[in-house]
Amino acid sequence: MFKRGSKLNSIITGSCPKCQKESMYEDKNPLHLSKVLKMNDHCSHCGFKYQIEPSFFYGAMYVSYALNVAVGVAAFIVSFVFFNTTIEQSFLAIIITLVILFPFVLRLSRNLYINMFVSYDPKAGQK
């Protein structure tokens, strides 16, 4: 499921979508909030340029919005249905969940977005 060459591998690990041998991010840990969006310019292994065009990752905002809606709905269902909380407590659970998962959703949305346009190439970086 997470073997090299699958899109899921690149999305989950944040690796180069072309060769999947290097992280796209300068710091792999999304909890370092000051560096959460700092990306390398190119893959040092295959030379793929991550910023495909100017403002490429603005499109990831739409993916981020969809992911945040899904997370919010899931948080509401879990808190309201399974824990029998009030509406106010459920909305507080949504807010807390979104704040905690913010760096992960941000990175995941970028990973998903770039993998929509770039496919794995097993020959990438070979000379």
# chains A, B, ... in the order shown; residues from 1 in each chain; ligands from 1

call {"tool": "residues_around", "arguments": {"residues": "Ser6 in chain A", "least_positions_apart": "4", "cutoff": "12 Å", "atoms": "only C-alpha atoms", "output": "list in words"}}
result
Met1, Phe2, Ser10, Ile11, Ile12, Thr13, Ser15, Cys16, Pro17, Lys18, Cys19, Gln20, Asn115, Val118, Ser119, Tyr120, Asp121 and Pro122 of chain A

call {"tool": "closest_atom_pairs", "arguments": {"of": "range 83-112 of chain A", "to": "range 59-78 of chain A", "cutoff": "6 Å", "atoms": "only C-alpha atoms", "output": "Markdown table"}}
result
| residue | atom | partner | partner_atom | distance |
| --- | --- | --- | --- | --- |
| A:Ser90 | CA | A:Phe76 | CA | 5.5 |
| A:Ile94 | CA | A:Gly72 | CA | 5.3 |
| A:Ser109 | CA | A:Ser64 | CA | 5.0 |
| A:Arg110 | CA | A:Ala60 | CA | 5.4 |

call {"tool": "write_last_selection", "arguments": {"atoms": "C-alpha atoms", "output": "short mmCIF file (atom, residue, chain, number, x, y, z; two decimals), in the first residue's frame"}}
result
data_model
loop_
_atom_site.label_atom_id
_atom_site.label_comp_id
_atom_site.auth_asym_id
_atom_site.auth_seq_id
_atom_site.Cartn_x
_atom_site.Cartn_y
_atom_site.Cartn_z
CA SER A 90 -19.52 19.90 19.66
CA ILE A 94 -14.52 21.10 16.00
CA SER A 109 -3.25 19.41 1.13
CA ARG A 110 0.01 20.39 -0.60
#

call {"tool": "select_by_dssp", "arguments": {"residues": "chain A", "states": "alpha helix (DSSP H)", "output": "PyMOL selection string"}}
result
chain A and resi 7-13+60-77+87-117

call {"tool": "select_by_dssp", "arguments": {"residues": "chain A", "states": "strand (DSSP E or B)", "output": "PyMOL selection string"}}
result
chain A and resi 15+23+25+39+42+49

call {"tool": "write_last_selection", "arguments": {"atoms": "C-alpha atoms", "output": "mmCIF file, in the first residue's frame"}}
result
data_model
loop_
_atom_site.group_PDB
_atom_site.id
_atom_site.type_symbol
_atom_site.label_atom_id
_atom_site.label_comp_id
_atom_site.auth_asym_id
_atom_site.auth_seq_id
_atom_site.Cartn_x
_atom_site.Cartn_y
_atom_site.Cartn_z
ATOM 1 C CA SER A 15 8.242 12.876 -0.684
ATOM 2 C CA SER A 23 11.174 14.928 1.241
ATOM 3 C CA TYR A 25 10.042 19.954 2.817
ATOM 4 C CA MET A 39 9.883 23.609 0.807
ATOM 5 C CA HIS A 42 14.184 21.176 -6.324
ATOM 6 C CA LYS A 49 11.092 21.646 -9.463
#

call {"tool": "atom_distance", "arguments": {"atom1": "CA of Leu106 in chain A", "atom2": "CA of Phe82 in chain A"}}
result
27.3 Å

call {"tool": "residues_around", "arguments": {"residues": "Asp27 in chain A", "least_positions_apart": "2", "cutoff": "12 Å", "atoms": "only C-alpha atoms", "output": "list in words"}}
result
Gly14, Ser15, Glu22, Ser23, Met24, Tyr25, Asn29, Pro30, Leu31, His32, Leu33, Ser34, Lys35, Val36, Leu37, Lys38, Met39, Asn40 and Arg107 of chain A

call {"tool": "write_last_selection", "arguments": {"atoms": "all heavy atoms", "output": "compact mmCIF listing (two decimals), in the first residue's frame"}}
result
# COMPACT_ATOMS: atom_id res chain seq x y z
N GLY A 14 5.16 12.86 2.08
CA GLY A 14 5.58 14.19 1.63
C GLY A 14 6.83 14.14 0.79
O GLY A 14 7.59 15.11 0.74
N SER A 15 7.04 13.03 0.13
CA SER A 15 8.24 12.88 -0.68
C SER A 15 8.00 13.40 -2.10
O SER A 15 6.88 13.65 -2.51
CB SER A 15 8.67 11.41 -0.73
OG SER A 15 7.65 10.61 -1.27
N GLU A 22 13.09 11.72 -1.76
CA GLU A 22 13.48 12.82 -0.89
C GLU A 22 12.24 13.58 -0.45
O GLU A 22 11.27 13.67 -1.19
CB GLU A 22 14.41 13.76 -1.67
CG GLU A 22 14.73 15.02 -0.93
CD GLU A 22 15.56 15.98 -1.76
OE1 GLU A 22 16.78 15.82 -1.76
OE2 GLU A 22 14.97 16.84 -2.42
N SER A 23 12.29 14.12 0.75
CA SER A 23 11.17 14.93 1.24
C SER A 23 11.11 16.26 0.49
O SER A 23 12.14 16.84 0.17
CB SER A 23 11.35 15.20 2.73
OG SER A 23 10.32 16.05 3.20
N MET A 24 9.91 16.73 0.21
CA MET A 24 9.75 18.03 -0.44
C MET A 24 10.03 19.18 0.52
O MET A 24 10.30 20.28 0.11
CB MET A 24 8.31 18.19 -0.96
CG MET A 24 7.94 17.29 -2.09
SD MET A 24 6.35 17.73 -2.83
CE MET A 24 5.22 17.44 -1.49
N TYR A 25 9.96 18.90 1.81
CA TYR A 25 10.04 19.95 2.82
C TYR A 25 11.43 20.04 3.43
O TYR A 25 12.11 19.04 3.60
CB TYR A 25 9.00 19.70 3.91
CG TYR A 25 7.60 19.65 3.34
CD1 TYR A 25 7.00 18.45 3.02
CD2 TYR A 25 6.91 20.82 3.09
CE1 TYR A 25 5.73 18.41 2.47
CE2 TYR A 25 5.64 20.79 2.55
CZ TYR A 25 5.06 19.58 2.24
OH TYR A 25 3.81 19.55 1.69
N ASN A 29 9.30 17.54 10.02
CA ASN A 29 8.35 17.59 11.13
C ASN A 29 7.35 18.73 10.95
O ASN A 29 7.72 19.90 11.02
CB ASN A 29 9.10 17.76 12.44
CG ASN A 29 8.21 17.62 13.66
OD1 ASN A 29 6.99 17.56 13.56
ND2 ASN A 29 8.84 17.56 14.82
N PRO A 30 6.07 18.43 10.73
CA PRO A 30 5.08 19.50 10.55
C PRO A 30 4.76 20.26 11.83
O PRO A 30 4.10 21.30 11.78
CB PRO A 30 3.84 18.76 10.03
CG PRO A 30 4.00 17.36 10.48
CD PRO A 30 5.47 17.11 10.56
N LEU A 31 5.24 19.78 12.96
CA LEU A 31 4.97 20.48 14.22
C LEU A 31 5.93 21.64 14.46
O LEU A 31 5.74 22.41 15.40
CB LEU A 31 5.01 19.50 15.39
CG LEU A 31 3.91 18.44 15.35
CD1 LEU A 31 4.07 17.45 16.48
CD2 LEU A 31 2.54 19.06 15.35
N HIS A 32 6.95 21.78 13.64
CA HIS A 32 7.80 22.98 13.70
C HIS A 32 7.07 24.04 12.88
O HIS A 32 7.29 24.18 11.68
CB HIS A 32 9.19 22.69 13.15
CG HIS A 32 9.95 21.71 13.96
ND1 HIS A 32 10.92 20.89 13.44
CD2 HIS A 32 9.89 21.40 15.28
CE1 HIS A 32 11.42 20.14 14.40
NE2 HIS A 32 10.81 20.42 15.52
N LEU A 33 6.20 24.78 13.53
CA LEU A 33 5.25 25.66 12.85
C LEU A 33 5.90 26.76 12.02
O LEU A 33 5.36 27.17 11.00
CB LEU A 33 4.27 26.26 13.85
CG LEU A 33 3.39 25.23 14.58
CD1 LEU A 33 2.48 25.93 15.57
CD2 LEU A 33 2.59 24.41 13.60
N SER A 34 7.07 27.22 12.42
CA SER A 34 7.72 28.27 11.64
C SER A 34 8.25 27.76 10.30
O SER A 34 8.51 28.54 9.40
CB SER A 34 8.86 28.90 12.45
OG SER A 34 9.86 27.94 12.69
N LYS A 35 8.38 26.43 10.18
CA LYS A 35 8.92 25.85 8.96
C LYS A 35 7.92 24.93 8.26
O LYS A 35 8.29 24.18 7.37
CB LYS A 35 10.18 25.05 9.28
CG LYS A 35 11.28 25.86 9.91
CD LYS A 35 12.45 24.97 10.24
CE LYS A 35 13.54 25.78 10.95
NZ LYS A 35 14.65 24.92 11.33
N VAL A 36 6.66 24.99 8.65
CA VAL A 36 5.68 24.02 8.14
C VAL A 36 5.51 24.09 6.62
O VAL A 36 5.29 23.08 5.97
CB VAL A 36 4.32 24.16 8.87
CG1 VAL A 36 3.58 25.40 8.44
CG2 VAL A 36 3.47 22.92 8.65
N LEU A 37 5.66 25.27 6.02
CA LEU A 37 5.48 25.42 4.58
C LEU A 37 6.79 25.63 3.82
O LEU A 37 6.76 25.84 2.61
CB LEU A 37 4.53 26.57 4.28
CG LEU A 37 3.07 26.33 4.69
CD1 LEU A 37 2.22 27.56 4.40
CD2 LEU A 37 2.51 25.12 4.00
N LYS A 38 7.91 25.58 4.50
CA LYS A 38 9.20 25.77 3.83
C LYS A 38 9.52 24.53 3.01
O LYS A 38 9.69 23.44 3.56
CB LYS A 38 10.30 26.03 4.85
CG LYS A 38 10.05 27.23 5.72
CD LYS A 38 10.94 28.33 5.37
CE LYS A 38 10.73 29.40 6.43
NZ LYS A 38 10.88 30.68 6.03
N MET A 39 9.61 24.72 1.71
CA MET A 39 9.88 23.61 0.81
C MET A 39 11.23 23.80 0.12
O MET A 39 11.68 24.93 -0.07
CB MET A 39 8.79 23.52 -0.26
CG MET A 39 7.43 23.20 0.28
SD MET A 39 6.20 23.08 -1.01
CE MET A 39 6.69 21.54 -1.78
N ASN A 40 11.83 22.69 -0.24
CA ASN A 40 13.02 22.76 -1.08
C ASN A 40 12.59 23.26 -2.46
O ASN A 40 11.44 23.06 -2.87
CB ASN A 40 13.65 21.37 -1.21
CG ASN A 40 14.14 20.84 0.11
OD1 ASN A 40 14.74 21.56 0.89
ND2 ASN A 40 13.86 19.57 0.38
N ARG A 107 0.06 20.45 5.24
CA ARG A 107 1.02 19.65 4.48
C ARG A 107 0.31 18.62 3.60
O ARG A 107 0.68 18.43 2.45
CB ARG A 107 1.98 18.92 5.42
CG ARG A 107 3.02 19.83 6.01
CD ARG A 107 4.39 19.38 5.57
NE ARG A 107 5.41 20.30 6.05
CZ ARG A 107 6.47 19.92 6.71
NH1 ARG A 107 6.66 18.66 7.01
NH2 ARG A 107 7.36 20.81 7.07

call {"tool": "atom_distance", "arguments": {"atom1": "CA of Gln126 in chain A", "atom2": "CA of His45 in chain A"}}
result
8.7 Å

call {"tool": "atom_distance", "arguments": {"atom1": "CA of Val105 in chain A", "atom2": "CA of Thr85 in chain A"}}
result
25.1 Å

call {"tool": "residues_around", "arguments": {"residues": "Phe56 in chain A", "least_positions_apart": "5", "cutoff": "10 Å", "atoms": "only C-alpha atoms", "output": "ChimeraX atom specification"}}
result
/A:50-51,110,113-114

call {"tool": "decode", "arguments": {"residues": "range 36-84 of chain A", "atoms": "N, CA and C atoms", "output": "PDB file, in the first residue's frame"}}
result
ATOM      1  N   VAL A  36       6.660  24.987   8.648  1.00  0.00           N
ATOM      2  CA  VAL A  36       5.681  24.022   8.136  1.00  0.00           C
ATOM      3  C   VAL A  36       5.514  24.093   6.617  1.00  0.00           C
ATOM      4  N   LEU A  37       5.658  25.273   6.023  1.00  0.00           N
ATOM      5  CA  LEU A  37       5.480  25.416   4.580  1.00  0.00           C
ATOM      6  C   LEU A  37       6.786  25.631   3.820  1.00  0.00           C
ATOM      7  N   LYS A  38       7.913  25.585   4.502  1.00  0.00           N
ATOM      8  CA  LYS A  38       9.203  25.774   3.829  1.00  0.00           C
ATOM      9  C   LYS A  38       9.522  24.530   3.011  1.00  0.00           C
ATOM     10  N   MET A  39       9.614  24.723   1.712  1.00  0.00           N
ATOM     11  CA  MET A  39       9.883  23.609   0.807  1.00  0.00           C
ATOM     12  C   MET A  39      11.226  23.805   0.121  1.00  0.00           C
ATOM     13  N   ASN A  40      11.833  22.694  -0.240  1.00  0.00           N
ATOM     14  CA  ASN A  40      13.021  22.756  -1.084  1.00  0.00           C
ATOM     15  C   ASN A  40      12.591  23.258  -2.457  1.00  0.00           C
ATOM     16  N   ASP A  41      13.494  23.903  -3.182  1.00  0.00           N
ATOM     17  CA  ASP A  41      13.172  24.371  -4.532  1.00  0.00           C
ATOM     18  C   ASP A  41      13.102  23.210  -5.515  1.00  0.00           C
ATOM     19  N   HIS A  42      14.074  22.310  -5.403  1.00  0.00           N
ATOM     20  CA  HIS A  42      14.184  21.176  -6.324  1.00  0.00           C
ATOM     21  C   HIS A  42      14.464  19.912  -5.530  1.00  0.00           C
ATOM     22  N   CYS A  43      14.154  18.798  -6.130  1.00  0.00           N
ATOM     23  CA  CYS A  43      14.531  17.504  -5.566  1.00  0.00           C
ATOM     24  C   CYS A  43      16.021  17.309  -5.861  1.00  0.00           C
ATOM     25  N   SER A  44      16.783  17.024  -4.825  1.00  0.00           N
ATOM     26  CA  SER A  44      18.230  16.851  -5.035  1.00  0.00           C
ATOM     27  C   SER A  44      18.548  15.547  -5.753  1.00  0.00           C
ATOM     28  N   HIS A  45      17.604  14.636  -5.796  1.00  0.00           N
ATOM     29  CA  HIS A  45      17.846  13.351  -6.466  1.00  0.00           C
ATOM     30  C   HIS A  45      17.518  13.421  -7.956  1.00  0.00           C
ATOM     31  N   CYS A  46      16.316  13.880  -8.300  1.00  0.00           N
ATOM     32  CA  CYS A  46      15.902  13.866  -9.716  1.00  0.00           C
ATOM     33  C   CYS A  46      15.844  15.255 -10.345  1.00  0.00           C
ATOM     34  N   GLY A  47      15.975  16.316  -9.534  1.00  0.00           N
ATOM     35  CA  GLY A  47      15.973  17.673 -10.066  1.00  0.00           C
ATOM     36  C   GLY A  47      14.594  18.251 -10.323  1.00  0.00           C
ATOM     37  N   PHE A  48      13.538  17.563  -9.912  1.00  0.00           N
ATOM     38  CA  PHE A  48      12.173  18.050 -10.150  1.00  0.00           C
ATOM     39  C   PHE A  48      11.943  19.355  -9.395  1.00  0.00           C
ATOM     40  N   LYS A  49      11.385  20.350 -10.075  1.00  0.00           N
ATOM     41  CA  LYS A  49      11.092  21.646  -9.463  1.00  0.00           C
ATOM     42  C   LYS A  49       9.697  21.575  -8.848  1.00  0.00           C
ATOM     43  N   TYR A  50       9.615  21.743  -7.526  1.00  0.00           N
ATOM     44  CA  TYR A  50       8.339  21.603  -6.822  1.00  0.00           C
ATOM     45  C   TYR A  50       7.356  22.729  -7.150  1.00  0.00           C
ATOM     46  N   GLN A  51       7.869  23.938  -7.264  1.00  0.00           N
ATOM     47  CA  GLN A  51       7.010  25.075  -7.619  1.00  0.00           C
ATOM     48  C   GLN A  51       6.866  25.054  -9.140  1.00  0.00           C
ATOM     49  N   ILE A  52       5.927  24.258  -9.626  1.00  0.00           N
ATOM     50  CA  ILE A  52       5.774  24.019 -11.055  1.00  0.00           C
ATOM     51  C   ILE A  52       5.578  25.317 -11.831  1.00  0.00           C
ATOM     52  N   GLU A  53       4.812  26.206 -11.285  1.00  0.00           N
ATOM     53  CA  GLU A  53       4.589  27.528 -11.885  1.00  0.00           C
ATOM     54  C   GLU A  53       4.397  28.518 -10.746  1.00  0.00           C
ATOM     55  N   PRO A  54       4.499  29.811 -11.012  1.00  0.00           N
ATOM     56  CA  PRO A  54       4.296  30.784  -9.934  1.00  0.00           C
ATOM     57  C   PRO A  54       2.921  30.594  -9.281  1.00  0.00           C
ATOM     58  N   SER A  55       2.912  30.647  -7.987  1.00  0.00           N
ATOM     59  CA  SER A  55       1.674  30.515  -7.203  1.00  0.00           C
ATOM     60  C   SER A  55       0.990  29.161  -7.401  1.00  0.00           C
ATOM     61  N   PHE A  56       1.755  28.130  -7.702  1.00  0.00           N
ATOM     62  CA  PHE A  56       1.181  26.807  -7.949  1.00  0.00           C
ATOM     63  C   PHE A  56       0.375  26.301  -6.758  1.00  0.00           C
ATOM     64  N   PHE A  57       0.887  26.486  -5.569  1.00  0.00           N
ATOM     65  CA  PHE A  57       0.247  25.902  -4.400  1.00  0.00           C
ATOM     66  C   PHE A  57      -0.962  26.692  -3.893  1.00  0.00           C
ATOM     67  N   TYR A  58      -1.345  27.767  -4.576  1.00  0.00           N
ATOM     68  CA  TYR A  58      -2.605  28.426  -4.215  1.00  0.00           C
ATOM     69  C   TYR A  58      -3.777  27.471  -4.414  1.00  0.00           C
ATOM     70  N   GLY A  59      -3.667  26.584  -5.377  1.00  0.00           N
ATOM     71  CA  GLY A  59      -4.710  25.597  -5.613  1.00  0.00           C
ATOM     72  C   GLY A  59      -4.869  24.630  -4.453  1.00  0.00           C
ATOM     73  N   ALA A  60      -3.814  24.476  -3.655  1.00  0.00           N
ATOM     74  CA  ALA A  60      -3.881  23.584  -2.498  1.00  0.00           C
ATOM     75  C   ALA A  60      -4.825  24.132  -1.435  1.00  0.00           C
ATOM     76  N   MET A  61      -5.156  25.419  -1.520  1.00  0.00           N
ATOM     77  CA  MET A  61      -6.119  25.991  -0.573  1.00  0.00           C
ATOM     78  C   MET A  61      -7.482  25.335  -0.723  1.00  0.00           C
ATOM     79  N   TYR A  62      -7.857  24.991  -1.934  1.00  0.00           N
ATOM     80  CA  TYR A  62      -9.141  24.330  -2.158  1.00  0.00           C
ATOM     81  C   TYR A  62      -9.127  22.921  -1.576  1.00  0.00           C
ATOM     82  N   VAL A  63      -8.006  22.243  -1.719  1.00  0.00           N
ATOM     83  CA  VAL A  63      -7.866  20.907  -1.134  1.00  0.00           C
ATOM     84  C   VAL A  63      -7.898  21.015   0.385  1.00  0.00           C
ATOM     85  N   SER A  64      -7.223  22.020   0.924  1.00  0.00           N
ATOM     86  CA  SER A  64      -7.205  22.247   2.358  1.00  0.00           C
ATOM     87  C   SER A  64      -8.608  22.528   2.890  1.00  0.00           C
ATOM     88  N   TYR A  65      -9.364  23.306   2.159  1.00  0.00           N
ATOM     89  CA  TYR A  65     -10.742  23.600   2.561  1.00  0.00           C
ATOM     90  C   TYR A  65     -11.560  22.312   2.648  1.00  0.00           C
ATOM     91  N   ALA A  66     -11.452  21.454   1.634  1.00  0.00           N
ATOM     92  CA  ALA A  66     -12.199  20.196   1.622  1.00  0.00           C
ATOM     93  C   ALA A  66     -11.764  19.293   2.786  1.00  0.00           C
ATOM     94  N   LEU A  67     -10.464  19.226   3.034  1.00  0.00           N
ATOM     95  CA  LEU A  67      -9.980  18.410   4.138  1.00  0.00           C
ATOM     96  C   LEU A  67     -10.465  18.940   5.481  1.00  0.00           C
ATOM     97  N   ASN A  68     -10.453  20.258   5.647  1.00  0.00           N
ATOM     98  CA  ASN A  68     -10.914  20.850   6.897  1.00  0.00           C
ATOM     99  C   ASN A  68     -12.408  20.630   7.107  1.00  0.00           C
ATOM    100  N   VAL A  69     -13.190  20.679   6.044  1.00  0.00           N
ATOM    101  CA  VAL A  69     -14.626  20.388   6.167  1.00  0.00           C
ATOM    102  C   VAL A  69     -14.816  18.941   6.604  1.00  0.00           C
ATOM    103  N   ALA A  70     -14.069  18.022   5.990  1.00  0.00           N
ATOM    104  CA  ALA A  70     -14.181  16.605   6.357  1.00  0.00           C
ATOM    105  C   ALA A  70     -13.783  16.376   7.814  1.00  0.00           C
ATOM    106  N   VAL A  71     -12.694  17.005   8.239  1.00  0.00           N
ATOM    107  CA  VAL A  71     -12.251  16.869   9.627  1.00  0.00           C
ATOM    108  C   VAL A  71     -13.285  17.478  10.573  1.00  0.00           C
ATOM    109  N   GLY A  72     -13.827  18.625  10.225  1.00  0.00           N
ATOM    110  CA  GLY A  72     -14.843  19.263  11.059  1.00  0.00           C
ATOM    111  C   GLY A  72     -16.098  18.428  11.194  1.00  0.00           C
ATOM    112  N   VAL A  73     -16.556  17.857  10.099  1.00  0.00           N
ATOM    113  CA  VAL A  73     -17.744  16.999  10.134  1.00  0.00           C
ATOM    114  C   VAL A  73     -17.461  15.753  10.982  1.00  0.00           C
ATOM    115  N   ALA A  74     -16.293  15.176  10.802  1.00  0.00           N
ATOM    116  CA  ALA A  74     -15.925  13.992  11.596  1.00  0.00           C
ATOM    117  C   ALA A  74     -15.865  14.330  13.086  1.00  0.00           C
ATOM    118  N   ALA A  75     -15.282  15.473  13.429  1.00  0.00           N
ATOM    119  CA  ALA A  75     -15.197  15.884  14.833  1.00  0.00           C
ATOM    120  C   ALA A  75     -16.591  16.115  15.412  1.00  0.00           C
ATOM    121  N   PHE A  76     -17.462  16.713  14.617  1.00  0.00           N
ATOM    122  CA  PHE A  76     -18.833  16.941  15.086  1.00  0.00           C
ATOM    123  C   PHE A  76     -19.546  15.617  15.338  1.00  0.00           C
ATOM    124  N   ILE A  77     -19.450  14.699  14.396  1.00  0.00           N
ATOM    125  CA  ILE A  77     -20.135  13.412  14.534  1.00  0.00           C
ATOM    126  C   ILE A  77     -19.607  12.646  15.744  1.00  0.00           C
ATOM    127  N   VAL A  78     -18.299  12.614  15.891  1.00  0.00           N
ATOM    128  CA  VAL A  78     -17.720  11.893  17.027  1.00  0.00           C
ATOM    129  C   VAL A  78     -18.168  12.517  18.343  1.00  0.00           C
ATOM    130  N   SER A  79     -18.082  13.822  18.452  1.00  0.00           N
ATOM    131  CA  SER A  79     -18.430  14.459  19.728  1.00  0.00           C
ATOM    132  C   SER A  79     -19.935  14.445  19.990  1.00  0.00           C
ATOM    133  N   PHE A  80     -20.735  14.748  18.993  1.00  0.00           N
ATOM    134  CA  PHE A  80     -22.184  14.866  19.206  1.00  0.00           C
ATOM    135  C   PHE A  80     -22.866  13.505  19.305  1.00  0.00           C
ATOM    136  N   VAL A  81     -22.519  12.603  18.417  1.00  0.00           N
ATOM    137  CA  VAL A  81     -23.199  11.303  18.377  1.00  0.00           C
ATOM    138  C   VAL A  81     -22.622  10.330  19.406  1.00  0.00           C
ATOM    139  N   PHE A  82     -21.300  10.203  19.430  1.00  0.00           N
ATOM    140  CA  PHE A  82     -20.699   9.179  20.297  1.00  0.00           C
ATOM    141  C   PHE A  82     -20.511   9.633  21.736  1.00  0.00           C
ATOM    142  N   PHE A  83     -20.253  10.923  21.956  1.00  0.00           N
ATOM    143  CA  PHE A  83     -20.052  11.406  23.322  1.00  0.00           C
ATOM    144  C   PHE A  83     -21.243  12.176  23.865  1.00  0.00           C
ATOM    145  N   ASN A  84     -22.306  12.298  23.081  1.00  0.00           N
ATOM    146  CA  ASN A  84     -23.554  12.956  23.503  1.00  0.00           C
ATOM    147  C   ASN A  84     -23.324  14.343  24.097  1.00  0.00           C
TER     148      ASN A  84
END
